[in-house]
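*Asks:* Input: one structure, supplied below.
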Amino acid sequence: MFERLVQRIDAMLFRRGFVVTDARRLMRNQMLLAAGGSAVACLATGFANWGLSFAAGALIISINFWWLSKAAQELVQVKQGATFTLLTLFYGRLVLTAAAIAGLVAWAGASVFGLLAGLSTVVLNAALWGVLQIRHKVPTVGKGKEA
Amino acid sequence: MRKSLLMTLAMVLCASAAFASDGAAVAAVGPVAAWATAIGMGIAAGLCGIGQGLGLKAACEGTARNPEAGGKITVTLILGLAFIESLAIYALVVNLILLFVKPLGA
């Protein structure tokens with residue numbers, strides 16, 4: 001069942017323009033991490049303020065990451081004007097994120113620590129990806145002298 | 001170096017003592033927090049923008065030199081950009097805490 005879900009997410013991401021395999025996997029991991037983490041946080045806290053803030057933070061950062069990874073896949077092929085476009089997108093994203101987080105903190109009374117934990121899912125995802133990549137590259141047996 | 005550090009420390013201590021002796025200390029924290037927020041967010045956004053620009057520049061150069069490595073470079077670029085962007089968002093959250101939650105006072 002989980003494999004089918006992963007395949008369906010992969011197919012959806014491919015249709016939406018995630019053509020680089022590893023970028024697609026990263027985005028899929030982020031979606032699963034955000035959804036799973038939000039579900040666990042909401043259920044563990046009984047849909048209290050902390051859990052809902054976590055879910056809101058995870059949603060915001062996942063949308064942000066989607067936009068970023070899709071733009072990066074296209075911009076890396078562009079020869080001229082890529083940096084300007086990237087910076088414009090970065091500041092646009094930052095303004096929208098600021099508006100959303102300000103609304104949540106100032107008016108909706110969201111828990112700041114829950115929000116921060118939700119926003120940290122992308123860092124966790126990237127760190128896990130890095131650790132797994134290093135683990136695949138380092139030989140588990142021998143001392144490396146064979147190579 | 002040590003002299004300037006000591007002078008800065010002394011100034012900070014004197015300033016806090018002056019604030020503490022004044023009844024308007026709590027009221028003064030508000031504008032100070034607003035200034036700190038503005039300056040902090042400006043520095044964070046500017047430096048993160050420079051970092052992202054440099055990262056993308058290097059990735060474009062790498063892809064132009066070796067197009068076969070484009071996929072790996074793209075993933076590394078996405079990871080780098082995500083880390084940099086999360087730094088900017090953390091700075092944003094801290095600044096919003098200073099502005100709205102007001103942990104330093106009214």
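We name chains A, B, ... following the order of the structure tokens; residues begin at 1 in each chain, and ligands are numbered from 1 as shown.
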Select all residues from chain A having any atom no more than 9 Å from an atom of chain B (counting only C-alpha atoms, ignoring ligands), output as number ranges by chain.

*Replies:* A: 20-23, 26, 61, 64-65, 68-69, 72-73, 75-79, 82-84, 86-87, 90-91, 94, 97-98, 101-102, 105-106, 112, 115-116, 119-120, 122-123, 126-127, 129-130

*Asks:* Could those selected residues go to a file with C-alpha atoms, as a PDB file, in the first residue's frame?

*Replies:*
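Once everything was written out, this is part-v6.pdb:
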ATOM      1  CA  VAL A  20      15.052  15.062 -12.313  1.00  0.00           C
ATOM      2  CA  THR A  21      14.731  11.770 -10.419  1.00  0.00           C
ATOM      3  CA  ASP A  22      16.516  12.810  -7.234  1.00  0.00           C
ATOM      4  CA  ALA A  23      14.661  16.124  -7.071  1.00  0.00           C
ATOM      5  CA  LEU A  26      13.395  14.791  -2.361  1.00  0.00           C
ATOM      6  CA  ILE A  61       7.525  25.039   4.139  1.00  0.00           C
ATOM      7  CA  ASN A  64       7.926  26.816  -0.338  1.00  0.00           C
ATOM      8  CA  PHE A  65      10.108  23.781  -1.105  1.00  0.00           C
ATOM      9  CA  LEU A  68      11.977  26.303  -4.917  1.00  0.00           C
ATOM     10  CA  SER A  69      12.832  22.876  -6.314  1.00  0.00           C
ATOM     11  CA  ALA A  72      15.841  25.371  -9.446  1.00  0.00           C
ATOM     12  CA  GLN A  73      15.358  22.539 -11.981  1.00  0.00           C
ATOM     13  CA  LEU A  75      16.966  27.789 -13.679  1.00  0.00           C
ATOM     14  CA  VAL A  76      20.034  25.550 -13.707  1.00  0.00           C
ATOM     15  CA  GLN A  77      19.574  25.129 -17.482  1.00  0.00           C
ATOM     16  CA  VAL A  78      19.185  28.864 -18.119  1.00  0.00           C
ATOM     17  CA  LYS A  79      22.319  30.624 -19.311  1.00  0.00           C
ATOM     18  CA  ALA A  82      19.022  32.992 -13.858  1.00  0.00           C
ATOM     19  CA  THR A  83      20.327  34.752 -10.752  1.00  0.00           C
ATOM     20  CA  PHE A  84      17.955  37.690 -11.141  1.00  0.00           C
ATOM     21  CA  LEU A  86      16.055  33.252  -8.597  1.00  0.00           C
ATOM     22  CA  LEU A  87      16.390  36.313  -6.376  1.00  0.00           C
ATOM     23  CA  PHE A  90      13.258  34.156  -3.376  1.00  0.00           C
ATOM     24  CA  TYR A  91      12.028  37.549  -2.245  1.00  0.00           C
ATOM     25  CA  LEU A  94       9.828  35.303   1.490  1.00  0.00           C
ATOM     26  CA  THR A  97       5.842  33.256   3.787  1.00  0.00           C
ATOM     27  CA  ALA A  98       6.191  36.331   6.005  1.00  0.00           C
ATOM     28  CA  ILE A 101       3.567  33.331   9.361  1.00  0.00           C
ATOM     29  CA  ALA A 102       2.706  36.829  10.582  1.00  0.00           C
ATOM     30  CA  VAL A 105       1.511  34.261  14.923  1.00  0.00           C
ATOM     31  CA  ALA A 106      -0.160  37.640  15.323  1.00  0.00           C
ATOM     32  CA  VAL A 112       5.603  29.617  17.835  1.00  0.00           C
ATOM     33  CA  LEU A 115       5.367  26.487  13.895  1.00  0.00           C
ATOM     34  CA  LEU A 116       9.160  26.324  14.127  1.00  0.00           C
ATOM     35  CA  LEU A 119       9.140  24.685   9.422  1.00  0.00           C
ATOM     36  CA  SER A 120      12.099  22.483  10.364  1.00  0.00           C
ATOM     37  CA  VAL A 122      12.553  20.667   5.312  1.00  0.00           C
ATOM     38  CA  VAL A 123      15.865  20.871   7.186  1.00  0.00           C
ATOM     39  CA  ALA A 126      17.600  17.594   3.604  1.00  0.00           C
ATOM     40  CA  ALA A 127      19.767  16.352   6.486  1.00  0.00           C
ATOM     41  CA  TRP A 129      18.946  12.896   2.442  1.00  0.00           C
ATOM     42  CA  GLY A 130      22.564  13.932   3.000  1.00  0.00           C
TER      43      GLY A 130
END

*Asks:* Quick one: residues within 12 Å of region 1-5 of chain A, only C-alpha atoms counted, chain neighbours fewer than 2 positions away excluded, as a compact mmCIF listing (two decimals) with C-alpha atoms, in the first residue's frame?

*Replies:*
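Dumped everything to out.txt:
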# COMPACT_ATOMS: atom_id res chain seq x y z
CA GLN A 7 4.38 5.46 -6.97
CA ARG A 8 1.28 7.62 -7.26
CA ILE A 9 3.05 10.61 -5.70
CA ASP A 10 6.03 10.07 -8.02
CA ALA A 11 3.75 9.96 -11.07
CA MET A 12 1.96 13.11 -9.96
CA ARG A 28 8.20 13.14 -2.32
CA ASN A 29 10.11 12.63 0.94
CA MET A 31 5.54 15.58 1.28
CA LEU A 32 5.51 12.30 3.19

*Asks:* Using only C-alpha atoms, determine which residues lie at most 10 Å from Ala100 (chain A), disregarding the query and same-chain residues fewer than 4 positions distant; provide the list as a ChimeraX atom specification.

*Replies:* /A:56-57,60,94-96,104-105

*Asks:* Keeping only N, CA and C atoms, write the selected residues to a file as a PDB file, in the first residue's frame.

*Replies:*
ATOM      1  N   ALA A  56       0.568  23.622  10.140  1.00  0.00           N
ATOM      2  CA  ALA A  56       0.602  24.845   9.344  1.00  0.00           C
ATOM      3  C   ALA A  56       2.035  25.148   8.892  1.00  0.00           C
ATOM      4  N   GLY A  57       2.991  25.005   9.811  1.00  0.00           N
ATOM      5  CA  GLY A  57       4.397  25.244   9.462  1.00  0.00           C
ATOM      6  C   GLY A  57       4.883  24.263   8.410  1.00  0.00           C
ATOM      7  N   ILE A  60       3.372  25.243   5.021  1.00  0.00           N
ATOM      8  CA  ILE A  60       4.015  26.441   4.452  1.00  0.00           C
ATOM      9  C   ILE A  60       5.371  26.090   3.854  1.00  0.00           C
ATOM     10  N   LEU A  94       9.607  34.832   0.117  1.00  0.00           N
ATOM     11  CA  LEU A  94       9.828  35.303   1.490  1.00  0.00           C
ATOM     12  C   LEU A  94       8.686  36.220   1.938  1.00  0.00           C
ATOM     13  N   VAL A  95       8.231  37.091   1.037  1.00  0.00           N
ATOM     14  CA  VAL A  95       7.129  38.007   1.370  1.00  0.00           C
ATOM     15  C   VAL A  95       5.856  37.213   1.672  1.00  0.00           C
ATOM     16  N   LEU A  96       5.558  36.222   0.808  1.00  0.00           N
ATOM     17  CA  LEU A  96       4.346  35.415   1.019  1.00  0.00           C
ATOM     18  C   LEU A  96       4.443  34.605   2.314  1.00  0.00           C
ATOM     19  N   LEU A 104      -0.406  33.880  11.121  1.00  0.00           N
ATOM     20  CA  LEU A 104      -0.569  32.778  12.075  1.00  0.00           C
ATOM     21  C   LEU A 104      -0.158  33.195  13.491  1.00  0.00           C
ATOM     22  N   VAL A 105       0.992  33.903  13.592  1.00  0.00           N
ATOM     23  CA  VAL A 105       1.511  34.261  14.923  1.00  0.00           C
ATOM     24  C   VAL A 105       0.703  35.388  15.550  1.00  0.00           C
TER      25      VAL A 105
END

*Asks:* Skip Gly40 (chain B) itself and residues of its chain fewer than 4 positions away, then list as a PyMOL selection string all residues within 8 Å of it, counting only C-alpha atoms.

*Replies:* chain B and resi 36+44+91+95

*Asks:* Put those residues in a file: N, CA and C atoms, as a PDB file, in the first residue's frame.

*Replies:*
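Dumped everything to again.pdb:
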ATOM      1  N   ALA B  36      15.386  46.547  15.848  1.00  0.00           N
ATOM      2  CA  ALA B  36      16.157  45.300  15.774  1.00  0.00           C
ATOM      3  C   ALA B  36      15.558  44.358  14.736  1.00  0.00           C
ATOM      4  N   ALA B  44      19.402  39.433   7.262  1.00  0.00           N
ATOM      5  CA  ALA B  44      19.147  38.012   6.947  1.00  0.00           C
ATOM      6  C   ALA B  44      18.735  37.841   5.489  1.00  0.00           C
ATOM      7  N   ALA B  91      15.066  33.376  10.634  1.00  0.00           N
ATOM      8  CA  ALA B  91      15.262  34.786  11.011  1.00  0.00           C
ATOM      9  C   ALA B  91      13.929  35.520  11.006  1.00  0.00           C
ATOM     10  N   ASN B  95      12.156  37.326  14.156  1.00  0.00           N
ATOM     11  CA  ASN B  95      11.763  38.729  14.081  1.00  0.00           C
ATOM     12  C   ASN B  95      10.275  38.914  14.363  1.00  0.00           C
TER      13      ASN B  95
END
